[in-house]
>>> print(open('start.cif').read())   # mmCIF, C-alpha atoms
data_model
#
loop_
_atom_site.label_atom_id
_atom_site.label_comp_id
_atom_site.auth_asym_id
_atom_site.auth_seq_id
_atom_site.Cartn_x
_atom_site.Cartn_y
_atom_site.Cartn_z
CA MET A 1 -17.67 10.82 -3.22
CA SER A 2 -15.42 10.94 -0.21
CA GLN A 3 -17.38 13.98 1.05
CA GLN A 4 -20.59 11.93 1.07
CA VAL A 5 -18.81 9.08 2.82
CA GLU A 6 -17.34 11.47 5.37
CA THR A 7 -20.81 12.86 6.08
CA LEU A 8 -22.07 9.34 6.80
CA LEU A 9 -19.14 8.70 9.13
CA LYS A 10 -19.71 11.95 11.03
CA LYS A 11 -23.37 11.00 11.52
CA LEU A 12 -22.27 7.63 12.91
CA ILE A 13 -20.03 9.31 15.48
CA LYS A 14 -22.67 11.91 16.37
CA ARG A 15 -25.24 9.18 17.13
CA ASN A 16 -22.73 7.16 19.15
CA PRO A 17 -20.45 9.18 21.44
CA GLN A 18 -18.50 6.06 22.45
CA ILE A 19 -17.15 5.87 18.90
CA LYS A 20 -13.89 7.79 18.73
CA SER A 21 -12.64 7.21 15.18
CA VAL A 22 -14.01 5.72 12.02
CA ALA A 23 -12.42 5.08 8.64
CA VAL A 24 -13.38 3.41 5.39
CA VAL A 25 -10.49 1.52 3.84
CA ASN A 26 -10.40 -0.47 0.63
CA TYR A 27 -8.91 -3.94 0.44
CA GLU A 28 -5.59 -2.57 -0.75
CA GLY A 29 -5.20 -0.51 2.42
CA ILE A 30 -6.00 2.83 0.87
CA LEU A 31 -8.11 5.14 2.99
CA ILE A 32 -11.25 6.31 1.23
CA ALA A 33 -12.55 8.60 3.99
CA SER A 34 -12.09 9.02 7.72
CA VAL A 35 -13.05 10.91 10.83
CA LEU A 36 -10.22 10.22 13.22
CA PHE A 37 -9.41 11.01 16.83
CA PRO A 38 -6.82 13.83 16.99
CA GLY A 39 -3.32 12.44 16.79
CA THR A 40 -4.28 9.33 14.83
CA ASN A 41 -2.22 8.92 11.68
CA GLU A 42 -4.72 8.27 8.90
CA SER A 43 -2.41 6.48 6.51
CA SER A 44 -1.14 4.14 9.22
CA PHE A 45 -4.66 3.51 10.47
CA GLY A 46 -5.72 2.57 6.95
CA ALA A 47 -2.77 0.25 6.41
CA MET A 48 -3.28 -1.53 9.74
CA SER A 49 -7.00 -1.98 9.16
CA ALA A 50 -6.43 -3.52 5.74
CA ALA A 51 -3.71 -5.76 7.20
CA LEU A 52 -6.14 -7.02 9.88
CA LEU A 53 -8.70 -7.66 7.19
CA GLY A 54 -6.25 -9.63 5.08
CA LEU A 55 -5.10 -11.73 8.03
CA GLY A 56 -8.66 -12.37 9.12
CA GLU A 57 -9.68 -13.48 5.63
CA HIS A 58 -6.75 -15.82 5.39
CA ALA A 59 -7.39 -17.33 8.81
CA LEU A 60 -11.02 -17.99 7.90
CA GLN A 61 -9.97 -19.55 4.62
CA GLU A 62 -7.74 -22.00 6.48
CA ILE A 63 -10.62 -23.15 8.67
CA GLU A 64 -13.25 -22.99 5.89
CA GLY A 65 -14.99 -20.31 7.92
CA GLY A 66 -16.74 -18.60 5.00
CA ARG A 67 -16.80 -14.89 4.22
CA LEU A 68 -15.19 -12.47 6.67
CA ARG A 69 -17.77 -10.40 8.49
CA GLU A 70 -16.14 -8.72 11.47
CA ILE A 71 -12.91 -8.51 13.48
CA TYR A 72 -12.53 -7.32 17.06
CA VAL A 73 -9.34 -6.18 18.74
CA ARG A 74 -9.89 -5.39 22.40
CA GLY A 75 -7.40 -3.40 24.51
CA ASP A 76 -7.54 -2.15 28.08
CA ASN A 77 -8.94 1.22 27.04
CA MET A 78 -10.17 0.97 23.47
CA MET A 79 -11.55 -1.55 21.04
CA LEU A 80 -11.06 -1.70 17.29
CA ILE A 81 -13.90 -3.18 15.24
CA VAL A 82 -13.47 -3.89 11.54
CA VAL A 83 -16.60 -4.68 9.51
CA GLY A 84 -16.64 -5.73 5.87
CA VAL A 85 -18.35 -3.45 3.34
CA SER A 86 -19.50 -5.81 0.54
CA ASP A 87 -16.58 -6.28 -1.87
CA VAL A 88 -15.24 -2.75 -1.50
CA GLY A 89 -13.35 -2.84 1.74
CA VAL A 90 -13.94 -2.30 5.43
CA ILE A 91 -15.20 0.20 7.92
CA ALA A 92 -12.82 0.38 10.89
CA VAL A 93 -14.11 1.86 14.13
CA THR A 94 -12.47 2.55 17.48
CA VAL A 95 -14.74 2.61 20.51
CA ASP A 96 -14.37 2.82 24.28
CA SER A 97 -13.61 -0.59 25.65
CA ASP A 98 -16.72 -0.54 27.85
CA ALA A 99 -19.11 0.60 25.10
CA PRO A 100 -22.39 -1.36 24.74
CA LEU A 101 -21.27 -3.60 21.92
CA GLY A 102 -24.70 -4.67 20.67
CA VAL A 103 -25.86 -1.11 20.01
CA VAL A 104 -22.55 -0.01 18.51
CA LEU A 105 -22.42 -3.02 16.18
CA MET A 106 -25.94 -2.42 14.97
CA GLU A 107 -25.04 1.16 14.06
CA ILE A 108 -21.79 0.15 12.36
CA ARG A 109 -23.53 -2.52 10.28
CA ARG A 110 -26.22 -0.04 9.26
CA THR A 111 -23.55 2.42 8.14
CA ALA A 112 -21.71 -0.37 6.30
CA ASN A 113 -24.86 -1.14 4.32
CA MET A 114 -25.28 2.51 3.33
CA LEU A 115 -21.63 2.69 2.37
CA SER A 116 -21.93 -0.36 0.18
CA SER A 117 -24.34 1.31 -2.24
CA LEU A 118 -22.52 4.66 -2.07
CA LEU A 119 -19.11 3.20 -2.84
CA SER A 120 -20.36 1.13 -5.76
CA GLN A 121 -21.35 4.32 -7.62
CA LYS A 122 -19.01 5.14 -10.50
CA GLN A 123 -17.23 8.47 -10.46
CA ASP A 124 -16.89 10.69 -13.48
CA VAL A 125 -13.14 10.70 -14.03
CA SER A 126 -13.26 12.81 -17.19
CA ASP A 127 -11.69 15.71 -15.29
CA ILE A 128 -8.62 13.61 -14.64
CA LEU A 129 -8.72 11.97 -18.03
CA GLY A 130 -8.43 15.39 -19.57
CA SER A 131 -5.13 15.98 -17.78
CA ASP A 132 -2.01 16.33 -19.75
CA LEU A 133 0.02 13.30 -18.75
CA SER A 134 3.22 15.16 -19.55
CA ILE A 135 2.91 16.74 -16.07
CA LEU A 136 4.46 13.52 -14.85
CA GLU A 137 7.60 14.04 -16.88
CA ASP A 138 8.60 17.23 -15.03
CA PHE A 139 8.35 15.69 -11.61
CA SER A 140 11.20 14.06 -9.70
CA PHE A 141 11.49 12.99 -6.09
CA LYS A 142 15.02 14.38 -6.15
CA ASP A 143 13.46 17.87 -6.19
CA ILE A 144 11.89 17.33 -2.78
CA LEU A 145 14.80 15.94 -0.79
CA GLU A 146 16.11 17.41 2.47
CA GLU A 147 19.16 19.56 2.03
CA GLU A 148 22.35 17.69 3.01
CA MET B 1 -5.85 2.47 -6.72
CA VAL B 2 -8.38 5.05 -5.54
CA ILE B 3 -9.19 8.17 -7.52
CA ASP B 4 -11.22 10.80 -5.72
CA VAL B 5 -12.36 13.27 -8.33
CA GLY B 6 -13.89 15.67 -5.83
CA LYS B 7 -10.69 15.97 -3.81
CA ARG B 8 -8.51 15.75 -6.96
CA GLU B 9 -6.60 12.99 -5.27
CA ILE B 10 -5.06 9.84 -6.64
CA ASN B 11 -3.95 7.06 -4.29
CA VAL B 12 -1.74 4.28 -5.58
CA LYS B 13 -0.04 1.28 -3.97
CA ILE B 14 3.55 0.35 -4.77
CA VAL B 15 5.04 -2.80 -3.27
CA TYR B 16 8.75 -3.46 -2.81
CA TYR B 17 9.13 -7.22 -3.24
CA GLY B 18 12.16 -9.46 -3.07
CA PRO B 19 14.06 -12.09 -1.10
CA ALA B 20 15.11 -11.68 2.50
CA VAL B 21 17.66 -8.99 3.30
CA SER B 22 17.79 -7.73 -0.28
CA GLY B 23 17.27 -4.12 0.75
CA LYS B 24 13.52 -3.56 0.55
CA THR B 25 13.22 -1.98 3.99
CA THR B 26 16.44 -0.06 3.40
CA ASN B 27 14.86 1.56 0.35
CA LEU B 28 11.95 2.83 2.45
CA LEU B 29 14.24 3.92 5.27
CA VAL B 30 16.28 5.99 2.83
CA ILE B 31 13.16 7.50 1.29
CA HIS B 32 11.84 8.33 4.76
CA LYS B 33 15.15 9.86 5.84
CA LYS B 34 15.85 11.92 2.74
CA LEU B 35 12.43 13.19 1.69
CA ARG B 36 11.36 16.51 3.19
CA PRO B 37 8.89 15.77 6.03
CA GLU B 38 6.05 17.70 4.41
CA PHE B 39 6.04 15.16 1.56
CA ARG B 40 5.88 11.98 3.60
CA GLY B 41 4.19 10.47 6.62
CA GLU B 42 5.67 8.34 9.33
CA MET B 43 6.95 4.91 8.50
CA VAL B 44 5.05 2.04 10.09
CA SER B 45 6.95 -1.21 10.51
CA ILE B 46 5.60 -4.47 11.79
CA ASP B 47 8.82 -6.29 12.49
CA THR B 48 10.51 -8.73 14.82
CA LYS B 49 12.73 -7.84 17.76
CA GLY B 50 15.66 -8.38 15.44
CA GLU B 51 14.21 -5.71 13.11
CA ARG B 52 13.43 -8.21 10.37
CA THR B 53 10.17 -7.36 8.61
CA LEU B 54 7.41 -9.54 10.05
CA PHE B 55 4.42 -8.37 8.10
CA PHE B 56 5.18 -5.14 6.22
CA ASP B 57 6.75 -1.73 6.29
CA PHE B 58 4.54 1.09 5.16
CA LEU B 59 5.41 4.64 4.14
CA PRO B 60 2.95 7.15 2.68
CA VAL B 61 4.43 9.74 0.31
CA GLU B 62 2.36 12.65 -0.97
CA VAL B 63 3.15 15.03 -3.80
CA LYS B 64 1.25 17.70 -5.69
CA LEU B 65 1.53 17.77 -9.44
CA LYS B 66 0.75 20.55 -11.88
CA GLY B 67 -2.99 20.99 -12.28
CA GLY B 68 -3.52 20.68 -8.54
CA PHE B 69 -3.65 16.90 -8.35
CA LYS B 70 -2.50 15.37 -5.13
CA VAL B 71 -0.93 11.96 -5.55
CA ARG B 72 -0.43 9.76 -2.55
CA PHE B 73 1.94 6.85 -3.00
CA HIS B 74 1.41 4.07 -0.47
CA LEU B 75 4.77 2.31 -0.34
CA TYR B 76 4.88 -1.16 1.17
CA THR B 77 7.57 -3.77 1.64
CA VAL B 78 7.02 -7.46 2.19
CA PRO B 79 8.86 -9.81 4.59
CA GLY B 80 11.42 -11.76 2.64
CA GLN B 81 11.95 -14.89 4.72
CA TYR B 82 10.48 -18.04 3.15
CA PHE B 83 8.01 -18.82 5.91
CA TYR B 84 6.27 -15.45 5.50
CA LYS B 85 4.87 -16.42 2.13
CA THR B 86 1.27 -15.75 3.19
CA SER B 87 2.13 -12.27 4.39
CA ARG B 88 3.78 -11.50 1.06
CA LYS B 89 0.66 -12.62 -0.78
CA LEU B 90 -1.55 -10.41 1.38
CA VAL B 91 0.62 -7.31 1.06
CA LEU B 92 0.91 -7.74 -2.72
CA ARG B 93 -2.87 -7.64 -3.10
CA GLY B 94 -4.03 -4.61 -5.03
CA ALA B 95 -0.55 -3.41 -5.97
CA ASP B 96 -0.55 -0.84 -8.77
CA GLY B 97 3.17 -1.35 -9.33
CA VAL B 98 6.05 -3.44 -8.00
CA VAL B 99 9.72 -2.82 -7.40
CA PHE B 100 11.55 -6.14 -7.21
CA VAL B 101 14.65 -5.59 -5.10
CA ALA B 102 17.17 -8.27 -6.03
CA ASP B 103 20.34 -9.09 -4.13
CA SER B 104 23.20 -8.94 -6.64
CA GLN B 105 25.40 -11.46 -4.82
CA LYS B 106 26.01 -14.71 -6.71
CA VAL B 107 25.08 -16.79 -3.66
CA ARG B 108 21.59 -15.24 -3.69
CA GLU B 109 20.80 -16.18 -7.30
CA ARG B 110 18.43 -18.99 -6.34
CA ASP B 111 16.65 -16.92 -3.68
CA ASN B 112 16.07 -14.14 -6.21
CA LYS B 113 14.66 -16.59 -8.74
CA VAL B 114 12.35 -18.36 -6.27
CA ILE B 115 10.83 -15.16 -4.91
CA TRP B 116 10.50 -13.67 -8.43
CA GLU B 117 8.54 -16.71 -9.60
CA GLU B 118 6.46 -16.66 -6.43
CA MET B 119 5.59 -12.99 -7.05
CA TRP B 120 4.27 -13.78 -10.53
CA ASP B 121 2.28 -16.72 -9.14
CA PHE B 122 0.62 -14.40 -6.63
CA LEU B 123 0.00 -11.71 -9.24
CA SER B 124 -1.45 -14.30 -11.59
CA ALA B 125 -3.81 -15.45 -8.81
CA GLN B 126 -5.10 -11.85 -8.74
CA GLY B 127 -5.64 -11.98 -12.50
CA ILE B 128 -2.59 -9.84 -13.22
CA SER B 129 -0.26 -10.78 -16.10
CA GLU B 130 2.97 -9.28 -17.38
CA GLY B 131 2.24 -5.83 -18.76
CA ASP B 132 -0.88 -5.28 -16.64
CA ILE B 133 1.00 -3.37 -13.97
CA PRO B 134 4.48 -1.81 -14.06
CA VAL B 135 7.27 -3.93 -12.61
CA ILE B 136 10.77 -2.53 -12.16
CA LEU B 137 13.89 -4.35 -11.05
CA GLN B 138 16.42 -2.92 -8.64
CA TYR B 139 19.77 -4.72 -8.65
CA ASN B 140 20.92 -3.84 -5.15
CA LYS B 141 24.21 -4.31 -3.32
CA ARG B 142 26.31 -3.44 -6.38
CA ASP B 143 29.15 -2.50 -4.01
CA LEU B 144 29.72 -6.03 -2.71
CA GLN B 145 32.26 -8.62 -3.82
CA ASP B 146 31.31 -11.59 -5.95
CA ILE B 147 28.20 -10.19 -7.55
CA MET B 148 26.46 -11.13 -10.78
CA THR B 149 26.97 -8.88 -13.77
CA VAL B 150 24.04 -6.81 -14.97
CA GLU B 151 23.79 -9.12 -17.99
CA GLU B 152 23.56 -12.16 -15.68
CA MET B 153 20.88 -10.44 -13.59
CA ASN B 154 18.90 -9.50 -16.69
CA ALA B 155 19.10 -13.10 -17.90
CA LEU B 156 17.83 -14.29 -14.50
CA PHE B 157 14.72 -12.11 -14.72
CA GLY B 158 13.96 -12.48 -18.39
CA GLY B 159 15.51 -9.26 -19.66
CA LYS B 160 12.15 -7.60 -20.33
CA PHE B 161 11.89 -5.20 -17.41
CA PRO B 162 13.42 -1.81 -16.68
CA TYR B 163 16.19 -2.07 -14.11
CA PHE B 164 18.27 0.17 -11.91
CA GLU B 165 21.53 -0.58 -10.18
CA ALA B 166 21.60 0.42 -6.55
CA ILE B 167 23.52 0.53 -3.32
CA ALA B 168 20.47 1.26 -1.21
CA VAL B 169 22.35 1.44 2.09
CA GLN B 170 24.23 4.43 0.62
CA GLY B 171 21.05 5.85 -0.93
CA LYS B 172 22.31 5.20 -4.46
CA GLY B 173 19.67 4.21 -6.98
CA VAL B 174 16.81 4.55 -4.49
CA PHE B 175 15.23 7.69 -5.88
CA GLU B 176 15.96 6.80 -9.47
CA THR B 177 13.95 3.62 -8.87
CA LEU B 178 11.15 5.49 -7.10
CA ASP B 179 10.95 8.13 -9.84
CA ALA B 180 10.64 5.46 -12.50
CA ILE B 181 8.04 3.29 -10.78
CA SER B 182 5.92 6.25 -9.69
CA LYS B 183 5.70 7.64 -13.22
CA LEU B 184 4.93 4.27 -14.73
CA VAL B 185 2.26 3.59 -12.10
CA LEU B 186 0.57 6.97 -12.54
CA LYS B 187 0.53 6.58 -16.30
CA SER B 188 -0.86 3.07 -15.92
CA VAL B 189 -3.68 3.96 -13.51
CA LEU B 190 -4.74 7.01 -15.51
CA GLN B 191 -4.83 4.98 -18.70
CA LYS B 192 -6.91 2.31 -16.97
CA ALA B 193 -9.35 4.95 -15.78
CA ARG B 194 -10.01 5.76 -19.41
CA VAL B 195 -11.21 2.25 -20.23
#
>>> encode(input="start.cif", output="structure tokens")
Amino acid sequence: MSQQVETLLKKLIKRNPQIKSVAVVNYEGILIASVLFPGTNESSFGAMSAALLGLGEHALQEIEGGRLREIYVRGDNMMLIVVGVSDVGVIAVTVDSDAPLGVVLMEIRRTANMLSSLLSQKQDVSDILGSDLSILEDFSFKDILEEE
Amino acid sequence: MVIDVGKREINVKIVYYGPAVSGKTTNLLVIHKKLRPEFRGEMVSIDTKGERTLFFDFLPVEVKLKGGFKVRFHLYTVPGQYFYKTSRKLVLRGADGVVFVADSQKVRERDNKVIWEEMWDFLSAQGISEGDIPVILQYNKRDLQDIMTVEEMNALFGGKFPYFEAIAVQGKGVFETLDAISKLVLKSVLQKARV
């Protein structure tokens, strides 16, 4: 599934050169797929996007503002736009600060709609379900520590 | 929890919860310092100028198990000070497992109890009851004077949950706790995927 999502994200970037990075993050902050600008830490990007989402939702709740739709964070050079994807999560996009916002938003919302149906598809987890859970017993974090 | 069958990847969220200055951030700092770099990402902290957690600390840890599965543990801490209640609620959302880091000092008994009850209120609001997700207790600061006995701590938290004694600032008990919660969480999410 993440391959299909990644393909959608790459198409979004290809159509819109002002878009530098794009990621799909679920509400728990876990990255589902991403196409990120070199040097961007994907786990951190996912965590921050979900945090923004959570804060935005809470702020709207306080003012009875309804369902969260979008969040904008504008810097001197870049802008971060977070758009809700039904009840799955968000698509987080970084764009040049001077990008034509109307066009970019239209493209992001279109991608969000396509993602919504893609992400609601169930995956066949029988491959994982067939795993021998005893593999967990042999593992310890103590085996992967730096040498003192 | 996110399972990507195509990539053979399992992502799970573990939250370190507890009252202020109980050692939640210290746990993550120790994990970050001691784990080999190829198994962890960089730690992200949103904190105050006084290095008190303001929103969360975040540390991704990635391991490969037999069978080629990649498991990514997303470790979070919450801010412990009372007025950051909303932040704690937000960070706890979607947790697949929780480590409750308790401060063993007798003077912190009430703080431990209040934040423990708050955690269950927030979990309940998400539709999560006892037994739905793994919860482990870490009785930290076992090196200090005037601390509660393990029996007293167990009585405080109901005596139903696995616990580990720790001196997180010395690294003691940190990886024992992480081993336990990670195994319980993986077992739990894989069992849920069967339903």
>>> closest_atom_pairs(input="start.cif", of="chain A", to="chain B", cutoff="6 Å", atoms="all atoms listed in the file", output="CSV")
residue,atom,partner,partner_atom,distance
A:Glu28,CA,B:Gly94,CA,5.0
A:Ser140,CA,B:Asp179,CA,5.9
A:Leu145,CA,B:Leu35,CA,4.4
A:Glu146,CA,B:Arg36,CA,4.9
>>> residues_near_point(input="start.cif", point="(22.6, -5.6, -6.3)", cutoff="6 Å", atoms="all atoms listed in the file", output="list in words")
Asp103, Ser104, Tyr139, Asn140, Lys141 and Arg142 of chain B
>>> resolve_selection(input="start.cif", expression="the PyMOL selection byres ((chain B and resi 128-133) around 9)", output="mmCIF file with C-alpha atoms, in the frame of the given file")
data_model
loop_
_atom_site.group_PDB
_atom_site.id
_atom_site.type_symbol
_atom_site.label_atom_id
_atom_site.label_comp_id
_atom_site.auth_asym_id
_atom_site.auth_seq_id
_atom_site.Cartn_x
_atom_site.Cartn_y
_atom_site.Cartn_z
ATOM 1 C CA ALA B 95 -0.550 -3.410 -5.970
ATOM 2 C CA ASP B 96 -0.550 -0.840 -8.770
ATOM 3 C CA GLY B 97 3.170 -1.350 -9.330
ATOM 4 C CA VAL B 98 6.050 -3.440 -8.000
ATOM 5 C CA TRP B 120 4.270 -13.780 -10.530
ATOM 6 C CA PHE B 122 0.620 -14.400 -6.630
ATOM 7 C CA LEU B 123 0.000 -11.710 -9.240
ATOM 8 C CA SER B 124 -1.450 -14.300 -11.590
ATOM 9 C CA ALA B 125 -3.810 -15.450 -8.810
ATOM 10 C CA GLN B 126 -5.100 -11.850 -8.740
ATOM 11 C CA GLY B 127 -5.640 -11.980 -12.500
ATOM 12 C CA PRO B 134 4.480 -1.810 -14.060
ATOM 13 C CA VAL B 135 7.270 -3.930 -12.610
ATOM 14 C CA LEU B 184 4.930 4.270 -14.730
ATOM 15 C CA VAL B 185 2.260 3.590 -12.100
ATOM 16 C CA SER B 188 -0.860 3.070 -15.920
ATOM 17 C CA VAL B 189 -3.680 3.960 -13.510
#
>>> resolve_selection(input="start.cif", expression="the PyMOL selection byres ((chain A and resi 57-66) around 12)", output="JSON, numbers by chain")
{"A": [27, 50, 51, 52, 53, 54, 55, 56, 67, 68, 69, 70, 71, 82, 83, 84, 89, 90], "B": [86, 87, 89, 90]}
>>> atom_distance(input="start.cif", atom1="atom CA of Ala168 of chain B", atom2="atom CA of Val30 of chain B")
7.5 Å
>>> residues_around(input="start.cif", residues="Phe37 of chain A", least_positions_apart="5", cutoff="10 Å", atoms="only C-alpha atoms", output="mmCIF file with C-alpha atoms, in the frame of the given file")
data_model
loop_
_atom_site.group_PDB
_atom_site.id
_atom_site.type_symbol
_atom_site.label_atom_id
_atom_site.label_comp_id
_atom_site.auth_asym_id
_atom_site.auth_seq_id
_atom_site.Cartn_x
_atom_site.Cartn_y
_atom_site.Cartn_z
ATOM 1 C CA ILE A 19 -17.150 5.870 18.900
ATOM 2 C CA LYS A 20 -13.890 7.790 18.730
ATOM 3 C CA SER A 21 -12.640 7.210 15.180
ATOM 4 C CA VAL A 22 -14.010 5.720 12.020
ATOM 5 C CA GLU A 42 -4.720 8.270 8.900
ATOM 6 C CA THR A 94 -12.470 2.550 17.480
#
>>> atom_distance(input="start.cif", atom1="atom CA of Glu107 of chain A", atom2="atom CA of Leu119 of chain A")
18.0 Å
>>> atom_distance(input="start.cif", atom1="atom CA of Asn27 of chain B", atom2="atom CA of Gly39 of chain A")
26.8 Å
>>> axis_aligned_box(input="start.cif", around="segment 102-117 of chain A", padding_each_side="3 Å", output="AutoDock Vina command-line options")
--center_x -23.9 --center_y -1.0 --center_z 9.2 --size_x 10.6 --size_y 13.4 --size_z 28.9
>>> closest_residue(input="start.cif", among="A:Gln4, A:Ser49, A:Asn26, A:Ser34", to="Ser86 of chain A", atoms="only C-alpha atoms")
A:Asn26
>>> resolve_selection(input="start.cif", expression="the PyMOL selection byres ((chain A and resi 6-13) around 10)", output="PyMOL selection string")
chain A and resi 1-5+14-24+32-36+91+93+95+104+107-108+110-112+114-115
